[in-house]
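As stored in input-v6.pdb (PDB, N, CA and C atoms):
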```
ATOM      1  N   MET A  10      -2.336  41.279-159.623
ATOM      2  CA  MET A  10      -3.730  40.994-159.367
ATOM      3  C   MET A  10      -4.263  42.083-158.446
ATOM      4  N   THR A  11      -5.316  42.717-158.835
ATOM      5  CA  THR A  11      -5.900  43.801-158.067
ATOM      6  C   THR A  11      -7.237  43.353-157.510
ATOM      7  N   CYS A  12      -7.440  43.571-156.232
ATOM      8  CA  CYS A  12      -8.713  43.242-155.600
ATOM      9  C   CYS A  12      -9.368  44.530-155.129
ATOM     10  N   PHE A  13     -10.652  44.576-155.180
ATOM     11  CA  PHE A  13     -11.370  45.719-154.646
ATOM     12  C   PHE A  13     -12.620  45.229-153.951
ATOM     13  N   VAL A  14     -13.047  45.976-152.988
ATOM     14  CA  VAL A  14     -14.233  45.634-152.203
ATOM     15  C   VAL A  14     -15.276  46.708-152.461
ATOM     16  N   GLU A  15     -16.464  46.257-152.723
ATOM     17  CA  GLU A  15     -17.553  47.183-152.983
ATOM     18  C   GLU A  15     -18.679  46.852-152.022
ATOM     19  N   VAL A  16     -19.020  47.796-151.209
ATOM     20  CA  VAL A  16     -20.076  47.573-150.227
ATOM     21  C   VAL A  16     -21.385  48.031-150.843
ATOM     22  N   ALA A  17     -22.318  47.127-150.950
ATOM     23  CA  ALA A  17     -23.627  47.443-151.522
ATOM     24  C   ALA A  17     -24.492  48.127-150.465
ATOM     25  N   ALA A  18     -25.552  48.757-150.905
ATOM     26  CA  ALA A  18     -26.431  49.497-149.995
ATOM     27  C   ALA A  18     -27.099  48.572-148.992
ATOM     28  N   SER A  19     -27.292  47.313-149.341
ATOM     29  CA  SER A  19     -27.963  46.381-148.442
ATOM     30  C   SER A  19     -27.022  45.794-147.399
ATOM     31  N   GLY A  20     -25.761  46.135-147.439
ATOM     32  CA  GLY A  20     -24.822  45.656-146.432
ATOM     33  C   GLY A  20     -24.029  44.438-146.862
ATOM     34  N   PHE A  21     -24.289  43.906-148.041
ATOM     35  CA  PHE A  21     -23.519  42.765-148.525
ATOM     36  C   PHE A  21     -22.187  43.248-149.076
ATOM     37  N   VAL A  22     -21.188  42.447-148.951
ATOM     38  CA  VAL A  22     -19.866  42.793-149.461
ATOM     39  C   VAL A  22     -19.615  41.945-150.699
ATOM     40  N   ALA A  23     -19.347  42.616-151.775
ATOM     41  CA  ALA A  23     -19.066  41.903-153.020
ATOM     42  C   ALA A  23     -17.580  42.042-153.329
ATOM     43  N   LEU A  24     -16.931  40.932-153.543
ATOM     44  CA  LEU A  24     -15.505  40.943-153.870
ATOM     45  C   LEU A  24     -15.341  40.711-155.359
ATOM     46  N   GLY A  25     -14.516  41.483-155.960
ATOM     47  CA  GLY A  25     -14.234  41.297-157.375
ATOM     48  C   GLY A  25     -12.740  41.366-157.601
ATOM     49  N   ARG A  26     -12.290  40.766-158.640
ATOM     50  CA  ARG A  26     -10.867  40.824-158.962
ATOM     51  C   ARG A  26     -10.683  40.729-160.463
ATOM     52  N   GLN A  27      -9.580  41.224-160.890
ATOM     53  CA  GLN A  27      -9.273  41.137-162.309
ATOM     54  C   GLN A  27      -8.884  39.712-162.651
ATOM     55  N   ALA A  28      -9.038  39.368-163.918
ATOM     56  CA  ALA A  28      -8.671  38.023-164.368
ATOM     57  C   ALA A  28      -7.169  37.833-164.215
ATOM     58  N   LEU A  29      -6.793  36.637-163.795
ATOM     59  CA  LEU A  29      -5.375  36.349-163.618
ATOM     60  C   LEU A  29      -4.704  36.126-164.964
ATOM     61  N   ASP A  30      -3.565  36.683-165.093
ATOM     62  CA  ASP A  30      -2.769  36.451-166.285
ATOM     63  C   ASP A  30      -2.046  35.114-166.105
ATOM     64  N   ASP A  31      -1.971  34.289-167.135
ATOM     65  CA  ASP A  31      -1.323  32.985-167.036
ATOM     66  C   ASP A  31       0.124  33.107-166.609
ATOM     67  N   ARG A  32       0.788  34.119-167.071
ATOM     68  CA  ARG A  32       2.195  34.288-166.702
ATOM     69  C   ARG A  32       2.347  34.625-165.232
ATOM     70  N   GLU A  33       1.375  35.312-164.665
ATOM     71  CA  GLU A  33       1.443  35.690-163.260
ATOM     72  C   GLU A  33       1.234  34.481-162.355
ATOM     73  N   PHE A  34       0.396  33.550-162.764
ATOM     74  CA  PHE A  34       0.050  32.395-161.939
ATOM     75  C   PHE A  34       0.998  31.225-162.124
ATOM     76  N   SER A  35       1.702  31.150-163.233
ATOM     77  CA  SER A  35       2.486  29.963-163.556
ATOM     78  C   SER A  35       3.657  29.752-162.601
ATOM     79  N   GLY A  36       4.151  30.767-161.933
ATOM     80  CA  GLY A  36       5.271  30.606-161.019
ATOM     81  C   GLY A  36       4.921  29.788-159.793
ATOM     82  N   ASN A  37       3.678  29.809-159.336
ATOM     83  CA  ASN A  37       3.279  29.081-158.138
ATOM     84  C   ASN A  37       3.051  27.608-158.398
ATOM     85  N   VAL A  38       2.776  27.228-159.627
ATOM     86  CA  VAL A  38       2.460  25.830-159.933
ATOM     87  C   VAL A  38       3.685  24.954-159.741
ATOM     88  N   GLY A  39       4.838  25.415-160.179
ATOM     89  CA  GLY A  39       6.058  24.621-160.023
ATOM     90  C   GLY A  39       6.394  24.367-158.567
ATOM     91  N   GLY A  40       6.202  25.367-157.729
ATOM     92  CA  GLY A  40       6.456  25.203-156.301
ATOM     93  C   GLY A  40       5.494  24.231-155.655
ATOM     94  N   MET A  41       4.228  24.310-156.055
ATOM     95  CA  MET A  41       3.238  23.389-155.500
ATOM     96  C   MET A  41       3.524  21.953-155.923
ATOM     97  N   LYS A  42       3.953  21.777-157.161
ATOM     98  CA  LYS A  42       4.247  20.424-157.629
ATOM     99  C   LYS A  42       5.464  19.859-156.904
ATOM    100  N   THR A  43       6.449  20.690-156.654
ATOM    101  CA  THR A  43       7.626  20.232-155.912
ATOM    102  C   THR A  43       7.250  19.869-154.486
ATOM    103  N   LEU A  44       6.431  20.712-153.848
ATOM    104  CA  LEU A  44       5.983  20.401-152.487
ATOM    105  C   LEU A  44       5.133  19.135-152.450
ATOM    106  N   ALA A  45       4.284  18.939-153.451
ATOM    107  CA  ALA A  45       3.467  17.727-153.510
ATOM    108  C   ALA A  45       4.339  16.485-153.685
ATOM    109  N   LEU A  46       5.381  16.598-154.488
ATOM    110  CA  LEU A  46       6.294  15.475-154.693
ATOM    111  C   LEU A  46       7.041  15.142-153.399
ATOM    112  N   ILE A  47       7.530  16.138-152.714
ATOM    113  CA  ILE A  47       8.225  15.915-151.442
ATOM    114  C   ILE A  47       7.270  15.334-150.407
ATOM    115  N   PHE A  48       6.050  15.894-150.333
ATOM    116  CA  PHE A  48       5.043  15.380-149.407
ATOM    117  C   PHE A  48       4.710  13.921-149.697
ATOM    118  N   GLY A  49       4.546  13.574-150.963
ATOM    119  CA  GLY A  49       4.220  12.204-151.332
ATOM    120  C   GLY A  49       5.311  11.217-150.968
ATOM    121  N   ILE A  50       6.555  11.597-151.228
ATOM    122  CA  ILE A  50       7.681  10.711-150.905
ATOM    123  C   ILE A  50       7.796  10.518-149.394
ATOM    124  N   LEU A  51       7.667  11.611-148.642
ATOM    125  CA  LEU A  51       7.736  11.494-147.182
ATOM    126  C   LEU A  51       6.565  10.697-146.622
ATOM    127  N   LEU A  52       5.394  10.833-147.235
ATOM    128  CA  LEU A  52       4.234  10.074-146.770
ATOM    129  C   LEU A  52       4.375   8.584-147.066
ATOM    130  N   VAL A  53       5.009   8.222-148.174
ATOM    131  CA  VAL A  53       5.260   6.801-148.457
ATOM    132  C   VAL A  53       6.177   6.214-147.388
ATOM    133  N   ILE A  54       7.243   6.925-147.073
ATOM    134  CA  ILE A  54       8.173   6.445-146.041
ATOM    135  C   ILE A  54       7.467   6.338-144.691
ATOM    136  N   ALA A  55       6.702   7.380-144.343
ATOM    137  CA  ALA A  55       5.995   7.381-143.061
ATOM    138  C   ALA A  55       4.944   6.281-142.990
ATOM    139  N   THR A  56       4.314   5.955-144.111
ATOM    140  CA  THR A  56       3.302   4.896-144.128
ATOM    141  C   THR A  56       3.918   3.545-143.802
ATOM    142  N   PHE A  57       5.061   3.267-144.419
ATOM    143  CA  PHE A  57       5.714   1.983-144.136
ATOM    144  C   PHE A  57       6.195   1.913-142.693
ATOM    145  N   VAL A  58       6.767   2.991-142.186
ATOM    146  CA  VAL A  58       7.219   3.012-140.787
ATOM    147  C   VAL A  58       6.030   2.866-139.852
ATOM    148  N   TRP A  59       4.946   3.566-140.145
ATOM    149  CA  TRP A  59       3.766   3.505-139.298
ATOM    150  C   TRP A  59       3.182   2.104-139.258
ATOM    151  N   PHE A  60       2.961   1.508-140.441
ATOM    152  CA  PHE A  60       2.247   0.232-140.470
ATOM    153  C   PHE A  60       3.105  -0.935-140.002
ATOM    154  N   PHE A  61       4.370  -0.946-140.341
ATOM    155  CA  PHE A  61       5.207  -2.103-140.013
ATOM    156  C   PHE A  61       5.998  -1.943-138.732
ATOM    157  N   TYR A  62       5.975  -0.741-138.108
ATOM    158  CA  TYR A  62       6.686  -0.575-136.850
ATOM    159  C   TYR A  62       5.751  -0.110-135.723
ATOM    160  N   PHE A  63       5.081   1.031-135.913
ATOM    161  CA  PHE A  63       4.311   1.598-134.818
ATOM    162  C   PHE A  63       3.004   0.866-134.533
ATOM    163  N   VAL A  64       2.303   0.369-135.511
ATOM    164  CA  VAL A  64       1.053  -0.361-135.266
ATOM    165  C   VAL A  64       1.334  -1.648-134.489
ATOM    166  N   PRO A  65       2.296  -2.492-134.882
ATOM    167  CA  PRO A  65       2.601  -3.663-134.052
ATOM    168  C   PRO A  65       3.199  -3.291-132.690
ATOM    169  N   LEU A  66       3.953  -2.202-132.630
ATOM    170  CA  LEU A  66       4.516  -1.766-131.353
ATOM    171  C   LEU A  66       3.410  -1.373-130.381
ATOM    172  N   GLY A  67       2.406  -0.661-130.872
ATOM    173  CA  GLY A  67       1.282  -0.288-130.019
ATOM    174  C   GLY A  67       0.520  -1.501-129.522
ATOM    175  N   CYS A  68       0.386  -2.501-130.358
ATOM    176  CA  CYS A  68      -0.281  -3.729-129.936
ATOM    177  C   CYS A  68       0.584  -4.478-128.920
ATOM    178  N   GLY A  69       1.886  -4.471-129.147
ATOM    179  CA  GLY A  69       2.793  -5.160-128.236
ATOM    180  C   GLY A  69       2.891  -4.512-126.870
ATOM    181  N   MET A  70       2.550  -3.241-126.769
ATOM    182  CA  MET A  70       2.589  -2.542-125.484
ATOM    183  C   MET A  70       1.370  -2.849-124.626
ATOM    184  N   ASN A  71       0.422  -3.581-125.176
ATOM    185  CA  ASN A  71      -0.753  -3.984-124.425
ATOM    186  C   ASN A  71      -0.313  -4.927-123.307
ATOM    187  N   PRO A  72      -0.641  -4.641-122.043
ATOM    188  CA  PRO A  72      -0.165  -5.485-120.944
ATOM    189  C   PRO A  72      -0.733  -6.898-120.964
ATOM    190  N   THR A  73      -1.834  -7.119-121.639
ATOM    191  CA  THR A  73      -2.398  -8.473-121.691
ATOM    192  C   THR A  73      -1.819  -9.278-122.839
ATOM    193  N   GLY A  74      -0.937  -8.690-123.622
ATOM    194  CA  GLY A  74      -0.335  -9.401-124.740
ATOM    195  C   GLY A  74      -1.061  -9.091-126.038
ATOM    196  N   CYS A  75      -0.382  -9.373-127.127
ATOM    197  CA  CYS A  75      -0.955  -9.085-128.437
ATOM    198  C   CYS A  75      -0.880 -10.344-129.280
ATOM    199  N   ARG A  76      -2.037 -10.822-129.688
ATOM    200  CA  ARG A  76      -2.074 -12.009-130.528
ATOM    201  C   ARG A  76      -2.609 -11.690-131.919
ATOM    202  N   GLU A  77      -2.684 -10.409-132.248
ATOM    203  CA  GLU A  77      -3.197 -10.010-133.557
ATOM    204  C   GLU A  77      -2.103 -10.052-134.595
ATOM    205  N   ARG A  78      -2.528 -10.318-135.826
ATOM    206  CA  ARG A  78      -1.612 -10.212-136.968
ATOM    207  C   ARG A  78      -2.061  -9.032-137.801
ATOM    208  N   PHE A  79      -1.117  -8.243-138.243
ATOM    209  CA  PHE A  79      -1.434  -7.061-139.025
ATOM    210  C   PHE A  79      -1.093  -7.339-140.476
ATOM    211  N   GLU A  80      -2.097  -7.710-141.228
ATOM    212  CA  GLU A  80      -1.901  -8.043-142.630
ATOM    213  C   GLU A  80      -2.260  -6.840-143.496
ATOM    214  N   VAL A  81      -1.600  -6.748-144.614
ATOM    215  CA  VAL A  81      -1.848  -5.642-145.539
ATOM    216  C   VAL A  81      -3.241  -5.758-146.148
ATOM    217  N   LEU A  82      -3.706  -6.958-146.386
ATOM    218  CA  LEU A  82      -5.023  -7.173-146.986
ATOM    219  C   LEU A  82      -6.061  -7.461-145.904
ATOM    220  N   SER A  83      -6.309  -6.480-145.052
ATOM    221  CA  SER A  83      -7.317  -6.593-144.005
ATOM    222  C   SER A  83      -7.924  -5.216-143.790
ATOM    223  N   SER A  84      -8.870  -5.125-142.875
ATOM    224  CA  SER A  84      -9.481  -3.819-142.604
ATOM    225  C   SER A  84      -8.482  -2.875-141.949
ATOM    226  N   ILE A  85      -7.622  -3.397-141.105
ATOM    227  CA  ILE A  85      -6.573  -2.558-140.498
ATOM    228  C   ILE A  85      -5.580  -2.125-141.566
ATOM    229  N   GLY A  86      -5.258  -3.024-142.477
ATOM    230  CA  GLY A  86      -4.356  -2.672-143.567
ATOM    231  C   GLY A  86      -4.953  -1.625-144.489
ATOM    232  N   LEU A  87      -6.274  -1.698-144.704
ATOM    233  CA  LEU A  87      -6.936  -0.701-145.540
ATOM    234  C   LEU A  87      -6.846   0.682-144.911
ATOM    235  N   LEU A  88      -7.083   0.750-143.621
ATOM    236  CA  LEU A  88      -7.096   2.036-142.935
ATOM    237  C   LEU A  88      -5.696   2.602-142.723
ATOM    238  N   HIS A  89      -4.768   1.765-142.296
ATOM    239  CA  HIS A  89      -3.449   2.250-141.894
ATOM    240  C   HIS A  89      -2.364   2.109-142.961
ATOM    241  N   PHE A  90      -2.647   1.415-144.070
ATOM    242  CA  PHE A  90      -1.621   1.232-145.092
ATOM    243  C   PHE A  90      -2.073   1.739-146.462
ATOM    244  N   TRP A  91      -3.208   1.222-146.955
ATOM    245  CA  TRP A  91      -3.609   1.538-148.326
ATOM    246  C   TRP A  91      -4.131   2.960-148.490
ATOM    247  N   MET A  92      -4.844   3.480-147.504
ATOM    248  CA  MET A  92      -5.362   4.855-147.621
ATOM    249  C   MET A  92      -4.228   5.881-147.662
ATOM    250  N   PRO A  93      -3.273   5.853-146.722
ATOM    251  CA  PRO A  93      -2.170   6.821-146.828
ATOM    252  C   PRO A  93      -1.312   6.589-148.071
ATOM    253  N   LEU A  94      -1.178   5.335-148.480
ATOM    254  CA  LEU A  94      -0.398   5.049-149.679
ATOM    255  C   LEU A  94      -1.093   5.596-150.931
ATOM    256  N   ALA A  95      -2.414   5.564-150.959
ATOM    257  CA  ALA A  95      -3.157   6.137-152.086
ATOM    258  C   ALA A  95      -3.008   7.658-152.128
ATOM    259  N   VAL A  96      -3.054   8.299-150.968
ATOM    260  CA  VAL A  96      -2.864   9.752-150.913
ATOM    261  C   VAL A  96      -1.449  10.114-151.356
ATOM    262  N   ALA A  97      -0.468   9.347-150.895
ATOM    263  CA  ALA A  97       0.926   9.592-151.287
ATOM    264  C   ALA A  97       1.117   9.381-152.784
ATOM    265  N   SER A  98       0.495   8.354-153.334
ATOM    266  CA  SER A  98       0.610   8.106-154.773
ATOM    267  C   SER A  98      -0.012   9.238-155.580
ATOM    268  N   GLY A  99      -1.140   9.733-155.119
ATOM    269  CA  GLY A  99      -1.772  10.863-155.798
ATOM    270  C   GLY A  99      -0.900  12.105-155.761
ATOM    271  N   ALA A 100      -0.269  12.365-154.623
ATOM    272  CA  ALA A 100       0.618  13.527-154.507
ATOM    273  C   ALA A 100       1.847  13.371-155.395
ATOM    274  N   ILE A 101       2.381  12.171-155.462
ATOM    275  CA  ILE A 101       3.556  11.936-156.312
ATOM    276  C   ILE A 101       3.174  12.077-157.784
ATOM    277  N   LEU A 102       2.040  11.529-158.169
ATOM    278  CA  LEU A 102       1.604  11.662-159.565
ATOM    279  C   LEU A 102       1.358  13.125-159.930
ATOM    280  N   TYR A 103       0.790  13.882-159.012
ATOM    281  CA  TYR A 103       0.588  15.320-159.273
ATOM    282  C   TYR A 103       1.924  16.037-159.388
ATOM    283  N   GLY A 104       2.879  15.678-158.547
ATOM    284  CA  GLY A 104       4.186  16.328-158.580
ATOM    285  C   GLY A 104       4.992  15.985-159.805
ATOM    286  N   VAL A 105       4.784  14.798-160.357
ATOM    287  CA  VAL A 105       5.558  14.358-161.526
ATOM    288  C   VAL A 105       4.927  14.827-162.838
ATOM    289  N   SER A 106       3.623  15.108-162.806
ATOM    290  CA  SER A 106       2.946  15.501-164.049
ATOM    291  C   SER A 106       3.579  16.753-164.626
ATOM    292  N   ARG A 107       3.589  16.836-165.943
ATOM    293  CA  ARG A 107       4.307  17.901-166.654
ATOM    294  C   ARG A 107       3.473  19.132-166.947
ATOM    295  N   ARG A 108       2.213  19.148-166.658
ATOM    296  CA  ARG A 108       1.363  20.295-166.997
ATOM    297  C   ARG A 108       1.603  21.446-166.115
TER
END
```
Output the file's structure as structure tokens, nothing else.
Amino acid sequence: MTCFVEVAASGFVALGRQALDDREFSGNVGGMKTLALIFGILLVIATFVWFFYFVPLGCGMNPTGCRERFEVLSSIGLLHFWMPLAVASGAILYGVSRR
């Protein structure tokens, strides 16, 4: 891939590049998919540890006591469980896809 910079008379910088060859770009896709798969798996593990261990632990460290329940189907569950799980699922699906 060749890049060149052309400075116009008005001071604007225009960047141009040659079209990418499919064979040149295809080597990076496999690496990205592997990294996405690893990221997704680690994020699933971290989500469960975060929601079922650290969130109640933080509440329990409150000196006045903790009387809250942390349910998966609540606003706290949406923020701390379902959102990271959705991101992890998307990364895993991208990593597993065959394209």
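For region 44-56 of chain A, the set of protein, DNA and RNA residues having any atom at most 6.5 Å away, when counting all atoms listed in the file and skipping those fewer than 4 positions along the same chain, is Gly39, Gly40, Phe60, Phe61, His89, Phe90, Pro93, Leu94, Val96, Ala97, Ser98, Ala100, Ile101, Tyr103, Gly104 and Val105 of chain A.
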Q. Of the candidates A:Val64, A:Ala95, A:Leu102, A:Met41, which one gets nearest to Arg78 (chain A) if we count only C-alpha atoms?
A.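 Of all the options, A:Val64 lies closest to Arg78 (chain A).
The space separating atom C of Pro72 (chain A) from CA of Ser84 (chain A) comes to 23.5 Å.
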Q: Compare A:Met92, A:Phe79, A:Ile85, A:Gly74 by their minimum atom-to-atom distance to Tyr62 (chain A), counting only C-alpha atoms, and give me the closest one.
A: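 Using only C-alpha atoms, the shortest distance to Tyr62 (chain A) belongs to A:Phe79.
The interatomic distance for the pair atom C of Glu80 (chain A) and atom C of Trp59 (chain A) works out to 11.3 Å.
The interatomic distance for the pair atom C of Ser106 (chain A) and atom C of Val58 (chain A) works out to 28.5 Å.
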Padding 3 Å on every side, please: axis-aligned box over the listed atoms of region 65-73 of chain A, centre and edge lengths to one decimal in Å, as JSON.
```
{"center_x": 1.1, "center_y": -4.8, "center_z": -127.9, "size_x": 12.9, "size_y": 15.0, "size_z": 19.9}
```
